[in-house]
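Here's the structure, in structure tokens; my notes come after.
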Amino acid sequence: MRRWSSRIALGCVLFVLGFLVVVQLRSQAADQGLNGLSVQELTELVANLTTRNNQLREEIRTLDQQHDAVATAVERGDTSAVQIRADLNRVLGWSGRVGVTGTGIRVTVTGQIPGDALEQLLNELRNAGAEAIAIGPVRIVAGDVPNGPAGNVMVGGLPLETPVDIVAVGQPQTLAGSLTRAGGPIAQLGARFPEIIVTVTAEDLVSVPATDRTLAPVLGRPRL
Amino acid sequence: MATLAARVRAIPTWQVTLGVALLALGFLIAAQLASEGPRIRITSQERTPLVATALDLQAQQDGLKQQILDTRAAIGALEAAGQGGTTVASDLNGQLQDARIAAGLAALTGPGLVIQLSDSSAPVAQGDDERDYLVSGHDVLAVVEELWLAGAEGVAVNNERVTVATAIVDIGGSVLANSAYVAPPYQVSAIGPPDMLERLTASPGFVDFIRARAQTFGIGVDYATPEAVDLPAYAGSVNLRYGRPATSPASSAAP
């Protein structure tokens, strides 16, 4: 009788042990990043994901309409040149190969700013949904990085002129609010470089030029 | 002494096994509680549903992105089929394909390198902020920028293609790229020239980054130069809602 009870006790302990091993391994495999976030940070993350998902749904609606239009044209035996041209224009405008005009903001930076601080402003504008950005005459496209110490910054192969003139196309209030919010990039910039003055102006109509860079990859090939 | 040895030998085997099992059990319970520590500090009733919501939204996002890629491919196939044999349509379609590749809307493969950034395993020094020992969005952005400056022609962070519209930001201890949550360790992949690694490691900005993050806080920076680096296609929106493309030289613009 005593041997049976000892075996049962041992079995129970080993069962609990196995269970805990599994729980421990699974909890370690679970997403450590999310586990470390506070409620406020999680709320911010959820808001970001929701916004992005809504943008993706809007893109899907646009693509579905485009698909239907092309399919109808093909069924009628028409060429789809009109649709292709519209699609091409959209992609070229978005990527920077043609200029873009629309509502937006103008940011003027007076004082000597280093390249990395300027990149922080650009990153914030992108995060706020800027559709096209230019610094002076240079359209900022993928691969353009303001680089160099204050007073010697290069952008798109050109020396940065002061005062720095940044133009961004997008929703003016969102773009301006993102830059000027408490603790935001302009506040951080002010703390780091007190001599720098940044002004942000919402505008009904701003224009950004096309890039003169060739964006086509030379070494990379499309992967099917 | 002999008495003690005799008493030890007299202990039944099952008791020894049970003792070892209980020891392991205690260790595991302690480990589990320790791993729960940081969460317990910030736990509230809202937290669990928020984590579940975030994971659910991320899963939805993956599905939406795949849907976008599939629909774009279907449109491309239709446009190719609907050229009607005209030179204009055929030329336009060729330009469109090139523009999509140049914009990052097509997956790319080519020579290059992959840099992996991982959280530090060094103990947090007294007085330091423990977040300095974790890879931040700022770190990822710094490496992306250095890769561009070293000649990269395409870059991705984990499974997110870096494009003209990509922002890389921090929310607490997590990093968002293209507003998508990317989990550590962060792999920054770049297609570029064969000497990209040499250019990168010679860059003053990258040297500063290594000194400030890897040498000071132990942030892991590992390199790999596989035969081919694969970059995913950008699966986000390319709509211009507030801007219009300039009246088009589209049919003559080279990508």
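Ordering of the structure tokens sets the chain letters (A, B, ...), residue numbers begin anew at 1 in every chain, and ligands are numbered from 1 in the order given.
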Quick one: residues within 10 Å of A:Gly220, only C-alpha atoms counted, chain neighbours fewer than 6 positions away excluded, as a PyMOL selection string? chain B and resi 101+107-112+153-154+190-193+228-231
Would you please give, as a PyMOL selection string, all residues of stretch 49-140 of chain A that DSSP assigns to strand (DSSP E) based on the backbone? chain A and resi 100-110+132-135+138-139
Set the distance at 10 Å and use only C-alpha atoms: which residues neighbour stretch 9-14 of chain A once local chain neighbours fewer than 3 positions away are removed? I'd like the list as a ChimeraX atom specification. /A:3-6,17-20 /B:14-15,17-19,21-22,24-25
Residues within 8 Å of stretch 156-170 of chain B, only C-alpha atoms, excluding chain neighbours under 3 positions, as a PyMOL selection string: (chain A and resi 94-96+123-124+126-127+129-131+140-143) or (chain B and resi 103-104+136-138+140-141+173-180+182+186-190+231-234)
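The list of residues with at least one atom within 6 Å of A:Ala134, based on only C-alpha atoms and without residues fewer than 5 positions apart in the same chain, reads Arg139, Ile140, Ile166, Val167 and Val208 of chain A.
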Keeping N, CA and C atoms, export the residues of the selection given above as a compact mmCIF listing (two decimals), in the first residue's frame.
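Okay, this is what ended up in out20.txt:
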```txt
# COMPACT_ATOMS: atom_id res chain seq x y z
N ARG A 139 14.23 65.95 -53.73
CA ARG A 139 13.15 65.04 -53.34
C ARG A 139 13.78 63.88 -52.57
N ILE A 140 13.22 63.61 -51.39
CA ILE A 140 13.78 62.53 -50.57
C ILE A 140 13.12 61.21 -50.99
N ILE A 166 12.12 72.32 -45.50
CA ILE A 166 11.56 70.98 -45.72
C ILE A 166 10.09 71.13 -46.10
N VAL A 167 9.71 70.47 -47.16
CA VAL A 167 8.31 70.51 -47.59
C VAL A 167 7.78 69.07 -47.60
N VAL A 208 6.48 69.23 -54.30
CA VAL A 208 7.82 68.64 -54.15
C VAL A 208 8.24 68.16 -55.54
```
Using only C-alpha atoms, determine which residues lie at most 12 Å from A:Leu179, disregarding the query and same-chain residues fewer than 4 positions distant; provide the list as an MDAnalysis selection string. chainID A and resid 105:107 120:130 168 172:175 183:190 198:202
Any chance you can output those residues with C-alpha atoms as a PDB file, in the first residue's frame?
```pdb
ATOM      1  CA  ILE A 105       3.456  71.645 -44.387  1.00  0.00           C
ATOM      2  CA  ARG A 106       6.620  73.651 -44.663  1.00  0.00           C
ATOM      3  CA  VAL A 107       9.285  73.240 -41.972  1.00  0.00           C
ATOM      4  CA  GLN A 120      14.798  62.153 -37.197  1.00  0.00           C
ATOM      5  CA  LEU A 121      12.483  64.858 -38.532  1.00  0.00           C
ATOM      6  CA  LEU A 122      12.084  62.971 -41.816  1.00  0.00           C
ATOM      7  CA  ASN A 123      11.369  59.719 -39.973  1.00  0.00           C
ATOM      8  CA  GLU A 124       8.686  61.472 -37.913  1.00  0.00           C
ATOM      9  CA  LEU A 125       7.095  62.954 -41.038  1.00  0.00           C
ATOM     10  CA  ARG A 126       6.976  59.511 -42.670  1.00  0.00           C
ATOM     11  CA  ASN A 127       5.443  58.084 -39.518  1.00  0.00           C
ATOM     12  CA  ALA A 128       2.772  60.795 -39.646  1.00  0.00           C
ATOM     13  CA  GLY A 129       1.853  59.769 -43.195  1.00  0.00           C
ATOM     14  CA  ALA A 130       3.808  62.207 -45.378  1.00  0.00           C
ATOM     15  CA  ALA A 168       6.012  67.546 -46.984  1.00  0.00           C
ATOM     16  CA  PRO A 172      -1.322  69.324 -42.654  1.00  0.00           C
ATOM     17  CA  GLN A 173      -2.713  69.055 -39.112  1.00  0.00           C
ATOM     18  CA  THR A 174      -1.435  65.515 -38.656  1.00  0.00           C
ATOM     19  CA  LEU A 175       2.019  66.317 -39.973  1.00  0.00           C
ATOM     20  CA  GLY A 183       8.143  65.654 -26.186  1.00  0.00           C
ATOM     21  CA  GLY A 184       8.113  65.254 -29.962  1.00  0.00           C
ATOM     22  CA  PRO A 185      11.003  65.635 -32.372  1.00  0.00           C
ATOM     23  CA  ILE A 186      11.082  69.430 -32.358  1.00  0.00           C
ATOM     24  CA  ALA A 187      11.063  69.511 -28.546  1.00  0.00           C
ATOM     25  CA  GLN A 188      13.876  66.953 -28.522  1.00  0.00           C
ATOM     26  CA  LEU A 189      15.769  68.951 -31.101  1.00  0.00           C
ATOM     27  CA  GLY A 190      15.358  72.101 -28.996  1.00  0.00           C
ATOM     28  CA  VAL A 198      12.173  75.340 -36.099  1.00  0.00           C
ATOM     29  CA  THR A 199       8.959  76.748 -37.532  1.00  0.00           C
ATOM     30  CA  VAL A 200       6.146  74.652 -38.964  1.00  0.00           C
ATOM     31  CA  THR A 201       3.498  76.112 -41.264  1.00  0.00           C
ATOM     32  CA  ALA A 202       0.447  74.335 -42.645  1.00  0.00           C
TER      33      ALA A 202
END
```
Which residue out of A:Leu88, A:Val82, A:Ala47, A:Val153 has the minimum interatomic distance to chain B when only C-alpha atoms are used? A:Leu88
Point out the residue among A:Pro194, A:Gly77, A:Gly170, A:Gly99 with the least atom-to-atom distance to B:Arg241, counting only C-alpha atoms.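 Of all the options, A:Gly170 lies closest to B:Arg241.
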Give the helix (DSSP H, G or I) residues of stretch 109-166 of chain A, as assigned by DSSP on the backbone, as a PyMOL selection string. chain A and resi 115-127
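You will find atom CA of A:Asn147 at 20.0 Å from atom CA of A:Glu195.
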When distances are computed from only C-alpha atoms, which of A:Ala191, A:Leu215, A:Gln83, A:Pro137 shows the smallest separation from A:Ala71?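 Using only C-alpha atoms, A:Ala71 sits closest to A:Gln83.
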